[in-house]
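Participant: Just run36.cif, nothing more (mmCIF, C-alpha atoms):
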```cif
data_query
#
loop_
_atom_site.label_atom_id
_atom_site.label_comp_id
_atom_site.auth_asym_id
_atom_site.auth_seq_id
_atom_site.Cartn_x
_atom_site.Cartn_y
_atom_site.Cartn_z
CA MET A 1 -24.28 -12.02 29.18
CA GLY A 2 -21.83 -12.95 26.43
CA THR A 3 -18.30 -11.63 26.40
CA LEU A 4 -17.65 -8.69 24.08
CA THR A 5 -14.59 -9.40 21.94
CA LEU A 6 -12.95 -6.33 20.50
CA PRO A 7 -11.26 -6.64 17.12
CA GLN A 8 -7.47 -6.90 17.29
CA LEU A 9 -5.75 -3.98 15.66
CA ILE A 10 -3.04 -5.07 13.26
CA PRO A 11 0.10 -3.03 13.92
CA PRO A 12 1.67 -1.36 10.90
CA ALA A 13 4.73 -2.94 9.39
CA LEU A 14 6.62 0.26 10.15
CA LEU A 15 5.60 3.25 12.25
CA ILE A 16 7.83 6.30 12.64
CA GLU A 17 7.00 9.30 14.83
CA GLN A 18 8.91 12.49 15.58
CA LEU A 19 12.08 11.25 13.92
CA HIS A 20 15.09 13.55 13.97
CA ILE A 21 18.44 12.75 12.34
CA GLN A 22 21.37 15.00 13.21
CA HIS A 23 24.84 14.93 11.63
CA GLY A 24 27.03 17.36 13.55
CA GLN A 25 25.29 20.72 13.50
CA HIS A 26 23.17 19.78 10.49
CA ALA A 27 19.61 18.50 10.93
CA VAL A 28 19.18 15.99 8.10
CA VAL A 29 15.62 14.91 9.00
CA SER A 30 13.26 16.91 11.23
CA ASP A 31 10.09 15.78 13.04
CA LEU A 32 9.20 13.15 10.46
CA ALA A 33 6.29 10.69 10.73
CA LEU A 34 5.61 7.65 8.56
CA HIS A 35 3.04 4.83 8.53
CA LEU A 36 3.65 1.74 6.38
CA PRO A 37 0.82 -0.84 6.64
CA GLN A 38 1.55 -4.55 6.55
CA GLY A 39 1.62 -5.65 2.93
CA GLY A 40 1.77 -2.03 1.77
CA SER A 41 4.34 -0.10 -0.22
CA LEU A 42 5.47 3.48 0.31
CA GLY A 43 7.87 5.36 -1.91
CA ILE A 44 9.85 8.37 -0.74
CA VAL A 45 10.99 10.65 -3.52
CA GLY A 46 13.07 13.79 -3.54
CA GLU A 47 16.23 15.28 -4.97
CA SER A 48 19.70 14.35 -3.74
CA GLY A 49 20.42 15.67 -0.25
CA CYS A 50 16.78 15.85 0.88
CA GLY A 51 17.34 13.22 3.62
CA LYS A 52 15.64 10.19 2.10
CA SER A 53 18.71 7.92 2.17
CA SER A 54 19.53 9.03 5.72
CA LEU A 55 16.00 8.07 6.72
CA LEU A 56 16.38 4.61 5.19
CA LYS A 57 19.75 4.08 6.90
CA ALA A 58 18.26 5.03 10.26
CA VAL A 59 15.42 2.55 9.80
CA ALA A 60 17.91 -0.13 8.69
CA GLY A 61 20.09 0.45 11.75
CA VAL A 62 23.05 1.63 9.69
CA ASP A 63 22.87 5.24 10.95
CA ASN A 64 22.51 5.59 14.74
CA HIS A 65 22.38 9.39 14.83
CA TRP A 66 18.63 9.60 15.30
CA GLN A 67 16.04 10.37 17.95
CA GLY A 68 12.33 9.64 18.03
CA SER A 69 10.27 6.49 17.66
CA ILE A 70 10.67 3.69 15.11
CA GLN A 71 8.42 0.64 15.50
CA LEU A 72 8.61 -2.58 13.53
CA LEU A 73 5.38 -4.63 13.66
CA GLY A 74 4.43 -2.85 16.88
CA ASN A 75 7.80 -3.39 18.56
CA PRO A 76 10.12 -0.41 19.23
CA LEU A 77 13.50 -0.35 17.54
CA ARG A 78 16.56 1.08 19.25
CA GLN A 79 19.89 2.13 17.80
CA GLN A 80 21.25 -1.31 18.62
CA ARG A 81 19.16 -4.02 16.94
CA THR A 82 18.59 -7.61 17.96
CA LYS A 83 19.33 -10.38 15.48
CA ALA A 84 15.58 -11.03 15.10
CA GLN A 85 14.91 -7.37 14.32
CA ARG A 86 17.64 -7.35 11.69
CA ARG A 87 16.21 -10.48 10.16
CA HIS A 88 12.71 -9.01 9.79
CA LEU A 89 14.03 -5.76 8.28
CA GLN A 90 16.23 -6.35 5.24
CA MET A 91 17.72 -3.94 2.73
CA VAL A 92 18.42 -4.02 -1.02
CA PHE A 93 21.22 -1.60 -1.84
CA GLN A 94 21.64 0.84 -4.71
CA ASP A 95 24.86 -0.57 -6.14
CA PRO A 96 24.74 -4.37 -6.29
CA LEU A 97 28.43 -4.68 -7.16
CA ALA A 98 29.49 -2.69 -4.09
CA SER A 99 27.12 -4.59 -1.77
CA LEU A 100 28.35 -8.08 -2.73
CA ASN A 101 31.67 -9.47 -1.51
CA PRO A 102 33.80 -9.81 -4.66
CA ALA A 103 35.84 -12.64 -3.11
CA HIS A 104 32.79 -14.81 -2.45
CA THR A 105 30.79 -16.92 -4.87
CA VAL A 106 27.04 -16.51 -5.16
CA ASP A 107 26.66 -19.66 -3.07
CA GLU A 108 28.79 -18.20 -0.27
CA ILE A 109 26.98 -14.84 -0.45
CA LEU A 110 23.58 -16.51 -0.09
CA ARG A 111 24.71 -19.01 2.54
CA GLU A 112 26.10 -16.37 4.91
CA PRO A 113 22.77 -14.89 6.15
CA LEU A 114 21.37 -18.40 6.59
CA GLN A 115 24.31 -19.28 8.81
CA ILE A 116 24.07 -16.05 10.80
CA HIS A 117 20.39 -16.57 11.54
CA GLY A 118 20.60 -20.31 12.08
CA PHE A 119 18.42 -21.55 9.21
CA ASP A 120 18.42 -25.23 8.37
CA GLN A 121 18.15 -26.85 4.92
CA GLN A 122 20.51 -24.24 3.55
CA GLU A 123 21.13 -26.01 0.26
CA ALA A 124 17.43 -26.19 -0.58
CA ARG A 125 16.85 -22.60 0.52
CA ILE A 126 19.65 -21.31 -1.73
CA LEU A 127 18.28 -23.13 -4.75
CA LYS A 128 14.75 -21.87 -4.05
CA ALA A 129 16.06 -18.31 -3.64
CA LEU A 130 17.66 -18.47 -7.10
CA ASP A 131 14.41 -19.81 -8.53
CA ASN A 132 12.44 -17.00 -6.86
CA VAL A 133 14.51 -14.31 -8.58
CA ALA A 134 14.55 -16.18 -11.92
CA LEU A 135 18.26 -16.93 -12.00
CA PRO A 136 19.79 -20.19 -13.26
CA ARG A 137 21.07 -22.45 -10.52
CA ALA A 138 24.31 -22.77 -12.45
CA LEU A 139 25.24 -19.22 -11.31
CA ARG A 140 25.78 -20.49 -7.74
CA PHE A 141 29.51 -20.86 -8.13
CA ARG A 142 30.25 -17.69 -10.05
CA PHE A 143 31.68 -14.52 -8.56
CA PRO A 144 29.86 -11.14 -8.68
CA SER A 145 32.28 -9.83 -11.31
CA GLN A 146 31.15 -12.63 -13.62
CA LEU A 147 27.51 -11.52 -13.50
CA SER A 148 25.63 -8.73 -15.26
CA GLY A 149 24.28 -5.76 -13.32
CA GLY A 150 20.75 -7.14 -13.40
CA GLN A 151 21.93 -10.55 -12.21
CA ARG A 152 23.87 -8.97 -9.34
CA GLN A 153 20.82 -7.01 -8.21
CA ARG A 154 18.72 -10.19 -8.33
CA ILE A 155 21.32 -11.83 -6.07
CA GLY A 156 21.00 -8.86 -3.70
CA ILE A 157 17.23 -9.32 -3.64
CA ALA A 158 17.58 -13.08 -3.11
CA ARG A 159 19.98 -12.52 -0.22
CA ALA A 160 17.57 -10.11 1.47
CA LEU A 161 14.62 -12.50 1.08
CA LEU A 162 16.45 -15.64 2.29
CA VAL A 163 15.88 -14.84 5.97
CA GLU A 164 12.13 -14.32 5.44
CA PRO A 165 11.83 -10.61 6.32
CA GLN A 166 8.59 -8.72 6.87
CA VAL A 167 9.81 -5.37 5.53
CA LEU A 168 12.13 -4.75 2.59
CA LEU A 169 14.01 -1.45 2.42
CA LEU A 170 14.84 -0.51 -1.16
CA ASP A 171 17.56 2.08 -1.72
CA GLU A 172 17.36 3.22 -5.36
CA PRO A 173 17.26 -0.46 -6.41
CA THR A 174 17.39 0.19 -10.17
CA SER A 175 19.38 3.41 -10.51
CA ALA A 176 22.68 1.57 -11.17
CA LEU A 177 21.11 -0.62 -13.87
CA ASP A 178 20.68 -0.15 -17.60
CA VAL A 179 17.26 1.13 -18.62
CA SER A 180 16.50 -2.16 -20.37
CA VAL A 181 17.06 -4.08 -17.11
CA GLN A 182 15.27 -1.69 -14.75
CA ALA A 183 11.76 -2.78 -15.72
CA GLU A 184 12.65 -6.45 -15.26
CA VAL A 185 13.88 -5.86 -11.70
CA LEU A 186 10.88 -3.68 -10.81
CA ASN A 187 8.44 -6.29 -12.12
CA LEU A 188 10.29 -8.96 -10.14
CA LEU A 189 9.94 -6.88 -6.97
CA LEU A 190 6.22 -6.41 -7.64
CA GLU A 191 5.71 -10.14 -8.11
CA LEU A 192 7.68 -11.07 -4.99
CA ARG A 193 5.74 -8.61 -2.85
CA ARG A 194 2.43 -10.13 -3.94
CA GLU A 195 3.63 -13.70 -3.47
CA LEU A 196 5.30 -13.21 -0.08
CA GLY A 197 3.09 -10.53 1.47
CA LEU A 198 6.02 -8.17 1.98
CA SER A 199 5.94 -4.49 2.90
CA TYR A 200 8.18 -2.17 0.88
CA LEU A 201 9.78 1.13 1.83
CA LEU A 202 11.47 2.58 -1.25
CA VAL A 203 13.57 5.69 -1.66
CA SER A 204 14.27 7.09 -5.11
CA HIS A 205 14.76 10.28 -7.06
CA ASP A 206 12.77 8.74 -9.93
CA LEU A 207 9.01 9.35 -9.80
CA ALA A 208 8.39 6.76 -12.51
CA VAL A 209 10.06 4.02 -10.44
CA VAL A 210 8.10 5.00 -7.34
CA ALA A 211 4.80 5.11 -9.24
CA HIS A 212 5.48 1.67 -10.71
CA LEU A 213 6.26 0.01 -7.37
CA CYS A 214 4.32 1.87 -4.67
CA GLU A 215 0.68 2.64 -3.83
CA GLN A 216 1.62 5.65 -1.70
CA VAL A 217 4.23 8.31 -2.42
CA ALA A 218 5.76 10.75 0.06
CA ILE A 219 7.45 13.84 -1.40
CA MET A 220 10.48 14.89 0.68
CA GLN A 221 12.23 18.25 0.76
CA HIS A 222 14.83 19.52 3.24
CA GLY A 223 14.32 16.59 5.63
CA ARG A 224 10.52 16.81 5.79
CA PHE A 225 7.56 15.34 3.95
CA VAL A 226 5.77 18.11 2.11
CA GLU A 227 3.05 15.94 0.55
CA LEU A 228 1.61 12.42 0.65
CA SER A 229 0.04 11.23 -2.60
CA SER A 230 -1.52 8.08 -3.95
CA ARG A 231 -0.16 6.41 -7.09
CA GLU A 232 -3.28 7.54 -8.97
CA GLN A 233 -2.85 11.15 -7.90
CA LEU A 234 0.79 11.05 -8.90
CA ALA A 235 0.01 9.59 -12.32
CA ALA A 236 -2.68 12.23 -12.87
CA GLY A 237 -0.42 15.02 -11.70
CA THR A 238 -2.92 16.23 -9.09
CA LEU A 239 -0.23 17.34 -6.67
CA ILE A 240 -0.65 20.34 -4.40
CA HIS A 241 2.71 21.43 -3.03
CA PRO A 242 4.81 23.57 -5.42
CA TYR A 243 7.86 21.35 -4.91
CA SER A 244 5.82 18.25 -5.73
CA ARG A 245 4.57 19.83 -8.94
CA GLU A 246 8.13 20.86 -9.82
CA LEU A 247 9.31 17.25 -9.46
CA PHE A 248 6.37 16.00 -11.49
CA ASN A 249 6.98 18.46 -14.31
CA ALA A 250 10.69 17.62 -14.38
CA ALA A 251 9.94 13.90 -14.59
CA ALA A 252 7.37 14.38 -17.40
CA LEU A 253 5.42 11.29 -16.33
#
```
As structure tokens, what does this structure read like?
Facilitator:
Amino acid sequence: MGTLTLPQLIPPALLIEQLHIQHGQHAVVSDLALHLPQGGSLGIVGESGCGKSSLLKAVAGVDNHWQGSIQLLGNPLRQQRTKAQRRHLQMVFQDPLASLNPAHTVDEILREPLQIHGFDQQEARILKALDNVALPRALRFRFPSQLSGGQRQRIGIARALLVEPQVLLLDEPTSALDVSVQAEVLNLLLELRRELGLSYLLVSHDLAVVAHLCEQVAIMQHGRFVELSSREQLAAGTLIHPYSRELFNAAAL
């Protein structure tokens, strides 16, 4: 008799179960669950103070005040992360100027993660990273203050991608940018995700940004998800929860 081979289940890029985040006496996130498939994109939207940024910081390892289960590609994450786990889970921050060392050139900013994670061919990788985010190579030796907001955010994206992550955490990646630049950065993120097979977890207060970048949208209120919607449902306004409908009407998509 032949051997029966069972199909191998592909673990999700990110799996969160029963997540609680506590700051003092205040429960920021309560009993939250999340499933991000490999190559997928999930946007979390809600008003300021709903817990979405705290969730992202817990996943990134920035906030250690959490309990529950966080798995990256089937492997559990603890409060203290290994270098490999940090490499596979990178973050693009809201304010590119605040997230880049003002005393370092672009070359130094991009070289640092390569040195930390022991990558070779650093020169070639830096040049390719600039090409990937459509920036001139001549910007290598400029300082962040000499760049535009859109250029700085592209450097932030390039820095995150240099160490070849599996999951990209996006914290309001366009909210600090001019409206004319926002679409360019969002389209760049879409293109990079398709080319590199990345998984995106995005938090934003802007439904239009989430709908542009993500296939699935989770509506968050008071530290909990009140509704999970597809991009198509969001665009059509077929939302069920009253808070979701309130957000949709306010955004006037």
Participant: For Ala27 (chain A), which residue out of A:Gly156, A:Gly61, A:Gly223, A:Gly74 is the nearest one, using all atoms listed in the file?
Facilitator: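 The answer is A:Gly223, which sits nearest to Ala27 (chain A).
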Participant: Can you list, as an MDAnalysis selection string, every protein, DNA or RNA residue that comes within 10 Å of Leu127 (chain A) when you count all atoms listed in the file, leaving out same-chain residues fewer than 3 positions away?
Facilitator: chainID A and resid 107 110 122:124 130:132 135:138 140
Participant: Restricting the calculation to only C-alpha atoms: of A:Gly24, A:Pro37, A:Gly46, A:Pro76, which residue gets closest to Ala251 (chain A)?
Facilitator: A:Gly46
Participant: Suppose a student applies the PyMOL selection byres ((chain A and resi 60) around 12) to this structure; what residues should they get, written as a PyMOL selection string?
Facilitator: chain A and resi 14+53-59+61-64+66+70-72+77-82+85-93+167-171+201
Participant: Which residue gives the smallest distance to Phe119 (chain A) among A:Val28, A:Arg224, A:Val163, A:Gln22, with all atoms listed in the file counted?
Facilitator: A:Val163
